[in-house]
Amino acid sequence: MEPVQYSYEDFARLPTTVFWIMGYDMLGVPKTRSRRILYWIYRFLCLASHGVCVGVMVFRMVEAKTIDNVSLIMRYATLVTYIINSDTKFATVLQRSAIQSLNSKLAELYPKTTLDRIYHRVNDHYWTKSFVYLVIIYIGSSIMVVIGPIITSIIAYFTHNVFTYMHCYPYFLYDPEKDPVWIYISIYALEWLHSTQMVISNIGADIWLLYFQVQINLHFRGIIRSLADHKPSVKHDQEDRKFIAKIVDKQVRLVSLQNDLNGIFGKSLLLSLLTTAAVICTVAVYTLIQGPTLEGFTYVIFIGTSVMQVYLVCYYGQQVLDLSGEVAHAVYNHDFHDASIAYKRYLLIIIIRAQQPVELNAMGYLSISLDTFKQLMSVSYRVITMLMQMIQ
């Protein structure tokens, strides 16, 4: 039995669902009035909590009375870099009209018939189970960072008969002997919504980026496969020219779509990569300082998923770079000897355009590739080593 070929809407389900977790509807899916109101209220609570938490954090840093050890300094450094990273990505996805426009263009280009989807091997490009598990682990490890303190407090209650009232972020001060319990509950609710806003902004923006890049890569592979399979001849020159004209047109459209993608995500991509590297550095140093604790364990998982997050962005950036270049090789290897002169001119147009590689880039000048990932990890390792030497 043939497997069901995924539709374009199936691809969009994962990034859309992830953003629903924080009440943000990227594609404007029709909903009932009551659901719209509930989404709006939840969205407002996430943003308001995020604003309150950031405000309190800045106040503590300016006050500088409660930050009195190296561990806390690294904790605050982690929070600052992660907030910058998440808010940068959230600002990117606020370009909803541009994202919806790019989504519509890619939906129009997506193979419509089952045979066409089989030919383009759309199922091979669908979200793998390992990628979905990575997203779940990333969100799960972030949740554990927030709920870890209350779990520790519960364990302390059952082992030592004392509830320690621990919570996640150091900028909220709670004294169980002076403050009522409802303040502790309010702090935890604020921290949960604040964390939701940051985590989903962080991973969700990258999923949308990968989603669009996967679609563009799918079509480049389709062009390469079409050129390899087609055998032109002067005997059916009219059909051949129609075929190659479609390829030329599709190549132009893909370049335009990649430029649209870079226009949306490229402006913040450089800052996102730098702040992600900074988060990895500060979290790694903080974890080494804290030692083998529940918090440290969840941070180790978080670091691993963050590294994979950067790797995937660079990996798919490398793919589009390679595939756009392979189009020229596909033309060189194309069996065009029996084709007409007009057909060969079209091939020349494709080769000339393929000489300018299509790439995912940041700020219009930094190409995102596996070399970028290697350089980023190399710099991160050196920074971690330097920080540990300074602390010791």
# chains A, B, ... in the order shown; residues from 1 in each chain; ligands from 1
call {"tool": "closest_atom_pairs", "arguments": {"of": "range 87-159 of chain A", "to": "range 310-322 of chain A", "cutoff": "12 Å", "atoms": "only C-alpha atoms", "output": "Markdown table"}}
result
| residue | atom | partner | partner_atom | distance |
| --- | --- | --- | --- | --- |
| A:His125 | CA | A:Tyr316 | CA | 11.5 |
| A:Ser130 | CA | A:Leu312 | CA | 12.0 |
| A:Phe131 | CA | A:Leu312 | CA | 9.4 |
| A:Leu134 | CA | A:Leu312 | CA | 10.8 |
| A:Val135 | CA | A:Leu312 | CA | 11.7 |
call {"tool": "residues_around", "arguments": {"residues": "range 377-384 of chain A", "least_positions_apart": "4", "cutoff": "10 Å", "atoms": "only C-alpha atoms", "output": "list in words"}}
result
Leu274, Thr276, Ala277, Ala278, Val279, Ile280, Cys281, Thr282, Val283, Ala284, Val285, Val307, Val310, Tyr311, Asp371, Thr372, Phe373, Met388, Gln389 and Met390 of chain A
call {"tool": "write_last_selection", "arguments": {"atoms": "N, CA and C atoms", "output": "mmCIF file, in the first residue's frame"}}
result
data_model
loop_
_atom_site.group_PDB
_atom_site.id
_atom_site.type_symbol
_atom_site.label_atom_id
_atom_site.label_comp_id
_atom_site.auth_asym_id
_atom_site.auth_seq_id
_atom_site.Cartn_x
_atom_site.Cartn_y
_atom_site.Cartn_z
ATOM 1 N N LEU A 274 24.550 34.755 17.501
ATOM 2 C CA LEU A 274 25.505 35.230 18.507
ATOM 3 C C LEU A 274 24.954 35.062 19.919
ATOM 4 N N THR A 276 22.571 32.965 20.858
ATOM 5 C CA THR A 276 22.457 31.532 21.153
ATOM 6 C C THR A 276 23.797 30.985 21.617
ATOM 7 N N ALA A 277 24.872 31.392 20.936
ATOM 8 C CA ALA A 277 26.216 30.986 21.354
ATOM 9 C C ALA A 277 26.520 31.506 22.760
ATOM 10 N N ALA A 278 26.102 32.742 23.036
ATOM 11 C CA ALA A 278 26.320 33.325 24.373
ATOM 12 C C ALA A 278 25.537 32.563 25.434
ATOM 13 N N VAL A 279 24.302 32.171 25.105
ATOM 14 C CA VAL A 279 23.486 31.378 26.040
ATOM 15 C C VAL A 279 24.174 30.047 26.330
ATOM 16 N N ILE A 280 24.670 29.382 25.292
ATOM 17 C CA ILE A 280 25.362 28.100 25.469
ATOM 18 C C ILE A 280 26.571 28.275 26.385
ATOM 19 N N CYS A 281 27.323 29.357 26.189
ATOM 20 C CA CYS A 281 28.514 29.613 27.007
ATOM 21 C C CYS A 281 28.155 29.840 28.476
ATOM 22 N N THR A 282 27.207 30.743 28.706
ATOM 23 C CA THR A 282 26.854 31.096 30.087
ATOM 24 C C THR A 282 26.172 29.935 30.808
ATOM 25 N N VAL A 283 25.308 29.213 30.096
ATOM 26 C CA VAL A 283 24.639 28.059 30.712
ATOM 27 C C VAL A 283 25.660 26.975 31.041
ATOM 28 N N ALA A 284 26.612 26.739 30.132
ATOM 29 C CA ALA A 284 27.638 25.721 30.374
ATOM 30 C C ALA A 284 28.469 26.062 31.609
ATOM 31 N N VAL A 285 28.894 27.321 31.713
ATOM 32 C CA VAL A 285 29.703 27.744 32.870
ATOM 33 C C VAL A 285 28.885 27.665 34.160
ATOM 34 N N VAL A 307 22.373 23.463 20.938
ATOM 35 C CA VAL A 307 23.421 23.227 19.941
ATOM 36 C C VAL A 307 22.809 22.612 18.677
ATOM 37 N N VAL A 310 21.000 25.266 16.579
ATOM 38 C CA VAL A 310 21.911 26.046 15.727
ATOM 39 C C VAL A 310 22.398 25.199 14.560
ATOM 40 N N TYR A 311 22.715 23.934 14.840
ATOM 41 C CA TYR A 311 23.220 23.044 13.794
ATOM 42 C C TYR A 311 22.206 22.882 12.663
ATOM 43 N N ASP A 371 30.080 25.630 7.929
ATOM 44 C CA ASP A 371 31.286 26.349 8.361
ATOM 45 C C ASP A 371 30.951 27.371 9.437
ATOM 46 N N THR A 372 29.793 28.005 9.299
ATOM 47 C CA THR A 372 29.330 28.966 10.309
ATOM 48 C C THR A 372 29.153 28.260 11.650
ATOM 49 N N PHE A 373 28.564 27.054 11.611
ATOM 50 C CA PHE A 373 28.356 26.275 12.841
ATOM 51 C C PHE A 373 29.691 25.914 13.488
ATOM 52 N N MET A 388 35.897 29.876 32.605
ATOM 53 C CA MET A 388 36.211 28.949 33.699
ATOM 54 C C MET A 388 37.562 29.263 34.316
ATOM 55 N N GLN A 389 38.545 29.645 33.490
ATOM 56 C CA GLN A 389 39.857 30.032 34.002
ATOM 57 C C GLN A 389 39.792 31.298 34.837
ATOM 58 N N MET A 390 38.963 32.246 34.379
ATOM 59 C CA MET A 390 38.809 33.500 35.141
ATOM 60 C C MET A 390 38.153 33.246 36.502
#
call {"tool": "residues_around", "arguments": {"residues": "range 22-28 of chain A", "least_positions_apart": "5", "cutoff": "9 Å", "atoms": "only C-alpha atoms", "output": "ChimeraX atom specification"}}
result
/A:15-17,38-44,46,93-94,96-97,99-100,103,193,196-197,200-201
call {"tool": "atom_distance", "arguments": {"atom1": "CA of Leu360 in chain A", "atom2": "CA of Asn262 in chain A"}}
result
6.2 Å
call {"tool": "select_by_dssp", "arguments": {"residues": "range 167-217 of chain A", "states": "helix (DSSP H, G or I)", "output": "short mmCIF file (atom, residue, chain, number, x, y, z; two decimals) with N, CA, C and O atoms, in the first residue's frame"}}
result
data_model
loop_
_atom_site.label_atom_id
_atom_site.label_comp_id
_atom_site.auth_asym_id
_atom_site.auth_seq_id
_atom_site.Cartn_x
_atom_site.Cartn_y
_atom_site.Cartn_z
N VAL A 181 1.42 32.83 51.05
CA VAL A 181 1.62 31.80 50.04
C VAL A 181 1.17 32.27 48.66
O VAL A 181 1.75 31.89 47.64
N TRP A 182 0.11 33.12 48.61
CA TRP A 182 -0.41 33.54 47.31
C TRP A 182 0.63 34.32 46.50
O TRP A 182 0.62 34.31 45.26
N ILE A 183 1.58 34.98 47.19
CA ILE A 183 2.65 35.68 46.49
C ILE A 183 3.57 34.67 45.81
O ILE A 183 4.00 34.86 44.66
N TYR A 184 3.86 33.58 46.52
CA TYR A 184 4.69 32.51 45.94
C TYR A 184 4.01 31.92 44.70
O TYR A 184 4.66 31.71 43.67
N ILE A 185 2.71 31.68 44.80
CA ILE A 185 1.96 31.14 43.66
C ILE A 185 1.96 32.13 42.49
O ILE A 185 2.12 31.74 41.33
N SER A 186 1.80 33.41 42.81
CA SER A 186 1.82 34.45 41.77
C SER A 186 3.18 34.52 41.08
O SER A 186 3.26 34.67 39.85
N ILE A 187 4.24 34.42 41.89
CA ILE A 187 5.60 34.43 41.32
C ILE A 187 5.78 33.27 40.35
O ILE A 187 6.29 33.44 39.23
N TYR A 188 5.31 32.10 40.76
CA TYR A 188 5.47 30.92 39.91
C TYR A 188 4.65 31.05 38.63
O TYR A 188 5.09 30.63 37.54
N ALA A 189 3.45 31.62 38.72
CA ALA A 189 2.61 31.82 37.52
C ALA A 189 3.30 32.79 36.56
O ALA A 189 3.33 32.55 35.34
N LEU A 190 3.87 33.87 37.10
CA LEU A 190 4.61 34.83 36.28
C LEU A 190 5.80 34.17 35.59
O LEU A 190 6.04 34.36 34.39
N GLU A 191 6.54 33.38 36.36
CA GLU A 191 7.72 32.71 35.81
C GLU A 191 7.34 31.72 34.71
O GLU A 191 8.03 31.60 33.70
N TRP A 192 6.23 31.01 34.90
CA TRP A 192 5.78 30.02 33.92
C TRP A 192 5.41 30.70 32.60
O TRP A 192 5.85 30.28 31.53
N LEU A 193 4.61 31.77 32.68
CA LEU A 193 4.18 32.46 31.46
C LEU A 193 5.35 33.18 30.79
O LEU A 193 5.45 33.21 29.55
N HIS A 194 6.22 33.76 31.60
CA HIS A 194 7.44 34.41 31.09
C HIS A 194 8.31 33.41 30.35
O HIS A 194 8.79 33.67 29.24
N SER A 195 8.50 32.24 30.93
CA SER A 195 9.30 31.19 30.31
C SER A 195 8.65 30.68 29.03
O SER A 195 9.34 30.43 28.03
N THR A 196 7.33 30.55 29.03
CA THR A 196 6.60 30.11 27.83
C THR A 196 6.83 31.07 26.68
O THR A 196 7.11 30.66 25.55
N GLN A 197 6.74 32.37 26.97
CA GLN A 197 6.96 33.40 25.95
C GLN A 197 8.36 33.27 25.34
O GLN A 197 8.54 33.31 24.11
N MET A 198 9.36 33.10 26.19
CA MET A 198 10.74 33.05 25.71
C MET A 198 11.04 31.76 24.95
O MET A 198 11.61 31.79 23.85
N VAL A 199 10.66 30.63 25.53
CA VAL A 199 11.00 29.33 24.94
C VAL A 199 10.33 29.14 23.59
O VAL A 199 10.97 28.73 22.61
N ILE A 200 9.04 29.44 23.51
CA ILE A 200 8.31 29.24 22.26
C ILE A 200 8.77 30.23 21.19
O ILE A 200 8.89 29.88 20.02
N SER A 201 9.06 31.47 21.59
CA SER A 201 9.61 32.43 20.62
C SER A 201 10.92 31.91 20.07
O SER A 201 11.19 32.01 18.86
N ASN A 202 11.74 31.34 20.96
CA ASN A 202 13.07 30.89 20.57
C ASN A 202 13.01 29.71 19.59
O ASN A 202 13.57 29.78 18.50
N ILE A 203 12.33 28.65 19.96
CA ILE A 203 12.29 27.46 19.11
C ILE A 203 11.32 27.64 17.94
O ILE A 203 11.56 27.16 16.83
N GLY A 204 10.22 28.36 18.17
CA GLY A 204 9.20 28.52 17.15
C GLY A 204 9.68 29.28 15.93
O GLY A 204 9.39 28.90 14.79
N ALA A 205 10.44 30.34 16.14
CA ALA A 205 10.96 31.13 15.01
C ALA A 205 11.88 30.28 14.14
O ALA A 205 11.84 30.36 12.91
N ASP A 206 12.72 29.45 14.78
CA ASP A 206 13.63 28.60 14.02
C ASP A 206 12.87 27.52 13.24
O ASP A 206 13.27 27.15 12.14
N ILE A 207 11.78 27.03 13.81
CA ILE A 207 10.99 26.01 13.10
C ILE A 207 10.36 26.61 11.84
O ILE A 207 10.34 25.98 10.78
N TRP A 208 9.87 27.85 11.94
CA TRP A 208 9.32 28.51 10.75
C TRP A 208 10.41 28.74 9.71
O TRP A 208 10.18 28.55 8.50
N LEU A 209 11.60 29.12 10.14
CA LEU A 209 12.71 29.30 9.22
C LEU A 209 13.04 27.99 8.51
O LEU A 209 13.18 27.95 7.27
N LEU A 210 13.14 26.90 9.28
CA LEU A 210 13.46 25.59 8.69
C LEU A 210 12.33 25.12 7.78
O LEU A 210 12.59 24.51 6.73
N TYR A 211 11.11 25.39 8.16
CA TYR A 211 9.94 25.00 7.37
C TYR A 211 10.00 25.61 5.97
O TYR A 211 9.84 24.92 4.96
N PHE A 212 10.28 26.90 5.90
CA PHE A 212 10.38 27.57 4.60
C PHE A 212 11.61 27.09 3.83
O PHE A 212 11.54 26.89 2.61
N GLN A 213 12.72 26.90 4.53
CA GLN A 213 13.94 26.46 3.84
C GLN A 213 13.79 25.06 3.28
O GLN A 213 14.28 24.77 2.17
N VAL A 214 13.13 24.18 4.02
CA VAL A 214 12.87 22.82 3.54
C VAL A 214 12.05 22.84 2.25
O VAL A 214 12.33 22.10 1.30
N GLN A 215 11.04 23.71 2.20
CA GLN A 215 10.21 23.81 1.00
C GLN A 215 11.02 24.27 -0.20
O GLN A 215 10.88 23.72 -1.30
N ILE A 216 11.86 25.26 -0.02
CA ILE A 216 12.70 25.75 -1.13
C ILE A 216 13.68 24.66 -1.58
O ILE A 216 13.88 24.45 -2.78
N ASN A 217 14.28 23.95 -0.62
CA ASN A 217 15.21 22.87 -0.96
C ASN A 217 14.50 21.76 -1.73
O ASN A 217 15.07 21.17 -2.65
#
call {"tool": "closest_residue", "arguments": {"among": "A:Val331, A:Ile244, A:Leu288, A:Val70", "to": "Ile352 in chain A", "atoms": "only C-alpha atoms"}}
result
A:Val331
call {"tool": "residues_around", "arguments": {"residues": "Leu347 in chain A", "least_positions_apart": "3", "cutoff": "10 Å", "atoms": "only C-alpha atoms", "output": "list in words"}}
result
Leu227, Ile244, Ala245, Ile247, Val248, Ala328, Val331, Tyr332, His334, Phe336, Ile341, Ala342, Tyr343, Lys344, Ile350, Ile351 and Ile352 of chain A
call {"tool": "write_last_selection", "arguments": {"atoms": "all heavy atoms", "output": "compact mmCIF listing (two decimals), in the first residue's frame"}}
result
# COMPACT_ATOMS: atom_id res chain seq x y z
N LEU A 227 15.90 17.64 -14.63
CA LEU A 227 16.94 17.76 -15.65
C LEU A 227 17.63 16.42 -15.91
O LEU A 227 17.98 16.10 -17.05
CB LEU A 227 17.97 18.81 -15.22
CG LEU A 227 17.52 20.26 -15.27
CD1 LEU A 227 18.52 21.17 -14.55
CD2 LEU A 227 17.33 20.73 -16.71
N ILE A 244 11.74 23.28 -20.46
CA ILE A 244 12.89 24.02 -19.95
C ILE A 244 12.52 25.44 -19.55
O ILE A 244 13.11 26.02 -18.64
CB ILE A 244 14.05 24.01 -20.98
CG1 ILE A 244 15.39 24.27 -20.29
CG2 ILE A 244 13.83 25.01 -22.10
CD1 ILE A 244 15.82 23.17 -19.36
N ALA A 245 11.49 26.01 -20.22
CA ALA A 245 11.02 27.35 -19.83
C ALA A 245 10.43 27.32 -18.43
O ALA A 245 10.61 28.26 -17.64
CB ALA A 245 9.98 27.85 -20.84
N ILE A 247 11.37 25.26 -16.09
CA ILE A 247 12.51 25.13 -15.18
C ILE A 247 13.15 26.50 -14.92
O ILE A 247 13.47 26.85 -13.79
CB ILE A 247 13.56 24.16 -15.77
CG1 ILE A 247 13.00 22.74 -15.87
CG2 ILE A 247 14.84 24.17 -14.92
CD1 ILE A 247 12.74 22.06 -14.57
N VAL A 248 13.33 27.27 -16.00
CA VAL A 248 13.91 28.62 -15.88
C VAL A 248 13.04 29.49 -14.98
O VAL A 248 13.53 30.19 -14.08
CB VAL A 248 14.08 29.27 -17.27
CG1 VAL A 248 14.49 30.74 -17.12
CG2 VAL A 248 15.12 28.52 -18.08
N ALA A 328 23.60 23.78 -11.75
CA ALA A 328 24.53 23.96 -12.87
C ALA A 328 25.15 22.62 -13.27
O ALA A 328 25.29 22.32 -14.47
CB ALA A 328 25.62 24.96 -12.50
N VAL A 331 22.80 20.60 -15.29
CA VAL A 331 22.74 21.04 -16.68
C VAL A 331 23.94 20.50 -17.46
O VAL A 331 23.80 20.01 -18.59
CB VAL A 331 22.70 22.59 -16.77
CG1 VAL A 331 22.81 23.04 -18.22
CG2 VAL A 331 21.42 23.11 -16.14
N TYR A 332 25.15 20.57 -16.84
CA TYR A 332 26.34 20.05 -17.52
C TYR A 332 26.19 18.56 -17.84
O TYR A 332 26.63 18.10 -18.90
CB TYR A 332 27.58 20.25 -16.63
CG TYR A 332 28.01 21.68 -16.47
CD1 TYR A 332 28.34 22.21 -15.22
CD2 TYR A 332 28.12 22.53 -17.57
CE1 TYR A 332 28.74 23.52 -15.07
CE2 TYR A 332 28.52 23.85 -17.43
CZ TYR A 332 28.83 24.34 -16.17
OH TYR A 332 29.23 25.65 -16.04
N HIS A 334 23.41 17.01 -18.22
CA HIS A 334 22.15 16.81 -18.93
C HIS A 334 22.43 16.33 -20.36
O HIS A 334 23.33 16.83 -21.04
CB HIS A 334 21.40 18.15 -18.94
CG HIS A 334 20.05 18.10 -19.56
ND1 HIS A 334 19.12 17.13 -19.29
CD2 HIS A 334 19.45 18.93 -20.46
CE1 HIS A 334 18.02 17.34 -19.98
NE2 HIS A 334 18.20 18.44 -20.71
N PHE A 336 21.83 16.84 -23.56
CA PHE A 336 21.24 17.87 -24.41
C PHE A 336 21.79 17.86 -25.85
O PHE A 336 21.54 18.77 -26.63
CB PHE A 336 21.45 19.26 -23.81
CG PHE A 336 22.89 19.61 -23.55
CD1 PHE A 336 23.69 20.10 -24.57
CD2 PHE A 336 23.45 19.44 -22.30
CE1 PHE A 336 25.02 20.43 -24.34
CE2 PHE A 336 24.77 19.76 -22.05
CZ PHE A 336 25.57 20.26 -23.07
N ILE A 341 18.89 24.47 -30.79
CA ILE A 341 19.69 25.62 -30.35
C ILE A 341 18.91 26.44 -29.32
O ILE A 341 19.48 26.90 -28.32
CB ILE A 341 20.07 26.51 -31.56
CG1 ILE A 341 20.94 25.74 -32.55
CG2 ILE A 341 20.78 27.78 -31.08
CD1 ILE A 341 22.27 25.28 -31.99
N ALA A 342 17.61 26.63 -29.56
CA ALA A 342 16.79 27.41 -28.62
C ALA A 342 16.77 26.76 -27.24
O ALA A 342 16.87 27.44 -26.20
CB ALA A 342 15.37 27.53 -29.17
N TYR A 343 16.69 25.43 -27.20
CA TYR A 343 16.69 24.68 -25.92
C TYR A 343 18.03 24.89 -25.19
O TYR A 343 18.05 25.13 -23.99
CB TYR A 343 16.46 23.20 -26.21
CG TYR A 343 16.35 22.33 -24.98
CD1 TYR A 343 15.11 22.09 -24.40
CD2 TYR A 343 17.47 21.75 -24.39
CE1 TYR A 343 15.00 21.29 -23.27
CE2 TYR A 343 17.38 20.95 -23.27
CZ TYR A 343 16.13 20.73 -22.71
OH TYR A 343 16.02 19.94 -21.59
N LYS A 344 19.13 24.86 -25.97
CA LYS A 344 20.45 25.01 -25.37
C LYS A 344 20.66 26.42 -24.82
O LYS A 344 21.38 26.60 -23.84
CB LYS A 344 21.53 24.68 -26.40
CG LYS A 344 21.56 23.20 -26.77
CD LYS A 344 22.55 22.91 -27.88
CE LYS A 344 22.52 21.44 -28.27
NZ LYS A 344 23.44 21.13 -29.40
N ILE A 350 20.09 28.98 -17.36
CA ILE A 350 20.08 28.29 -16.07
C ILE A 350 21.48 28.24 -15.48
O ILE A 350 21.69 28.49 -14.29
CB ILE A 350 19.52 26.86 -16.23
CG1 ILE A 350 18.05 26.91 -16.66
CG2 ILE A 350 19.64 26.09 -14.92
CD1 ILE A 350 17.46 25.56 -16.99
N ILE A 351 22.48 27.93 -16.32
CA ILE A 351 23.87 27.83 -15.84
C ILE A 351 24.36 29.18 -15.32
O ILE A 351 24.97 29.26 -14.24
CB ILE A 351 24.80 27.34 -16.98
CG1 ILE A 351 24.50 25.88 -17.30
CG2 ILE A 351 26.27 27.49 -16.57
CD1 ILE A 351 25.23 25.36 -18.52
N ILE A 352 24.07 30.24 -16.07
CA ILE A 352 24.51 31.58 -15.66
C ILE A 352 23.90 31.96 -14.31
O ILE A 352 24.59 32.48 -13.42
CB ILE A 352 24.14 32.63 -16.73
CG1 ILE A 352 24.98 32.40 -18.00
CG2 ILE A 352 24.37 34.04 -16.21
CD1 ILE A 352 24.53 33.21 -19.20
call {"tool": "decode", "arguments": {"residues": "range 216-294 of chain A", "atoms": "C-alpha atoms", "output": "JSON list (two decimals), in the first residue's frame"}}
result
[["chain", "number", "residue", "atom", "x", "y", "z"],
["A", 216, "ILE", "CA", 12.70, 25.75, -1.13],
["A", 217, "ASN", "CA", 15.21, 22.87, -0.96],
["A", 218, "LEU", "CA", 12.46, 20.46, -2.04],
["A", 219, "HIS", "CA", 11.93, 22.41, -5.26],
["A", 220, "PHE", "CA", 15.64, 22.71, -6.03],
["A", 221, "ARG", "CA", 15.89, 18.93, -5.77],
["A", 222, "GLY", "CA", 12.89, 18.68, -8.09],
["A", 223, "ILE", "CA", 14.69, 20.82, -10.70],
["A", 224, "ILE", "CA", 17.83, 18.67, -10.47],
["A", 225, "ARG", "CA", 15.82, 15.46, -10.80],
["A", 226, "SER", "CA", 13.79, 16.83, -13.74],
["A", 227, "LEU", "CA", 16.94, 17.76, -15.65],
["A", 228, "ALA", "CA", 18.46, 14.34, -14.99],
["A", 229, "ASP", "CA", 15.34, 12.51, -16.24],
["A", 230, "HIS", "CA", 14.52, 14.61, -19.30],
["A", 231, "LYS", "CA", 15.99, 13.70, -22.72],
["A", 232, "PRO", "CA", 15.40, 16.49, -25.26],
["A", 233, "SER", "CA", 15.31, 16.01, -29.01],
["A", 234, "VAL", "CA", 14.68, 18.19, -32.04],
["A", 235, "LYS", "CA", 11.82, 15.81, -32.89],
["A", 236, "HIS", "CA", 9.74, 17.18, -29.99],
["A", 237, "ASP", "CA", 11.37, 20.58, -29.67],
["A", 238, "GLN", "CA", 8.14, 22.42, -28.81],
["A", 239, "GLU", "CA", 7.49, 20.24, -25.74],
["A", 240, "ASP", "CA", 11.16, 20.44, -24.73],
["A", 241, "ARG", "CA", 11.15, 24.24, -24.81],
["A", 242, "LYS", "CA", 7.99, 24.35, -22.71],
["A", 243, "PHE", "CA", 9.66, 22.01, -20.20],
["A", 244, "ILE", "CA", 12.89, 24.02, -19.95],
["A", 245, "ALA", "CA", 11.02, 27.35, -19.83],
["A", 246, "LYS", "CA", 9.17, 26.07, -16.75],
["A", 247, "ILE", "CA", 12.51, 25.13, -15.18],
["A", 248, "VAL", "CA", 13.91, 28.62, -15.88],
["A", 249, "ASP", "CA", 10.79, 30.23, -14.42],
["A", 250, "LYS", "CA", 10.90, 27.99, -11.35],
["A", 251, "GLN", "CA", 14.57, 28.80, -10.76],
["A", 252, "VAL", "CA", 13.76, 32.53, -10.85],
["A", 253, "ARG", "CA", 10.87, 32.04, -8.43],
["A", 254, "LEU", "CA", 13.00, 30.04, -6.00],
["A", 255, "VAL", "CA", 15.67, 32.75, -5.97],
["A", 256, "SER", "CA", 12.93, 35.31, -5.26],
["A", 257, "LEU", "CA", 11.47, 33.14, -2.48],
["A", 258, "GLN", "CA", 14.90, 32.72, -0.88],
["A", 259, "ASN", "CA", 15.36, 36.49, -0.97],
["A", 260, "ASP", "CA", 11.97, 36.85, 0.73],
["A", 261, "LEU", "CA", 13.07, 34.36, 3.39],
["A", 262, "ASN", "CA", 16.33, 36.25, 3.96],
["A", 263, "GLY", "CA", 14.38, 39.50, 4.12],
["A", 264, "ILE", "CA", 12.23, 38.15, 6.96],
["A", 265, "PHE", "CA", 14.76, 36.19, 9.01],
["A", 266, "GLY", "CA", 18.14, 37.49, 7.80],
["A", 267, "LYS", "CA", 18.03, 40.77, 9.72],
["A", 268, "SER", "CA", 17.84, 39.02, 13.08],
["A", 269, "LEU", "CA", 19.69, 35.82, 12.19],
["A", 270, "LEU", "CA", 23.16, 37.13, 13.01],
["A", 271, "LEU", "CA", 22.09, 38.44, 16.43],
["A", 272, "SER", "CA", 20.18, 35.19, 17.06],
["A", 273, "LEU", "CA", 23.25, 33.06, 16.34],
["A", 274, "LEU", "CA", 25.50, 35.23, 18.51],
["A", 275, "THR", "CA", 23.09, 35.29, 21.45],
["A", 276, "THR", "CA", 22.46, 31.53, 21.15],
["A", 277, "ALA", "CA", 26.22, 30.99, 21.35],
["A", 278, "ALA", "CA", 26.32, 33.33, 24.37],
["A", 279, "VAL", "CA", 23.49, 31.38, 26.04],
["A", 280, "ILE", "CA", 25.36, 28.10, 25.47],
["A", 281, "CYS", "CA", 28.51, 29.61, 27.01],
["A", 282, "THR", "CA", 26.85, 31.10, 30.09],
["A", 283, "VAL", "CA", 24.64, 28.06, 30.71],
["A", 284, "ALA", "CA", 27.64, 25.72, 30.37],
["A", 285, "VAL", "CA", 29.70, 27.74, 32.87],
["A", 286, "TYR", "CA", 26.76, 28.06, 35.28],
["A", 287, "THR", "CA", 26.17, 24.30, 35.10],
["A", 288, "LEU", "CA", 29.83, 23.55, 35.80],
["A", 289, "ILE", "CA", 29.74, 25.89, 38.81],
["A", 290, "GLN", "CA", 26.53, 24.39, 40.21],
["A", 291, "GLY", "CA", 27.71, 20.79, 39.92],
["A", 292, "PRO", "CA", 25.57, 17.60, 39.70],
["A", 293, "THR", "CA", 22.08, 18.84, 40.63],
["A", 294, "LEU", "CA", 18.60, 18.44, 39.11]]
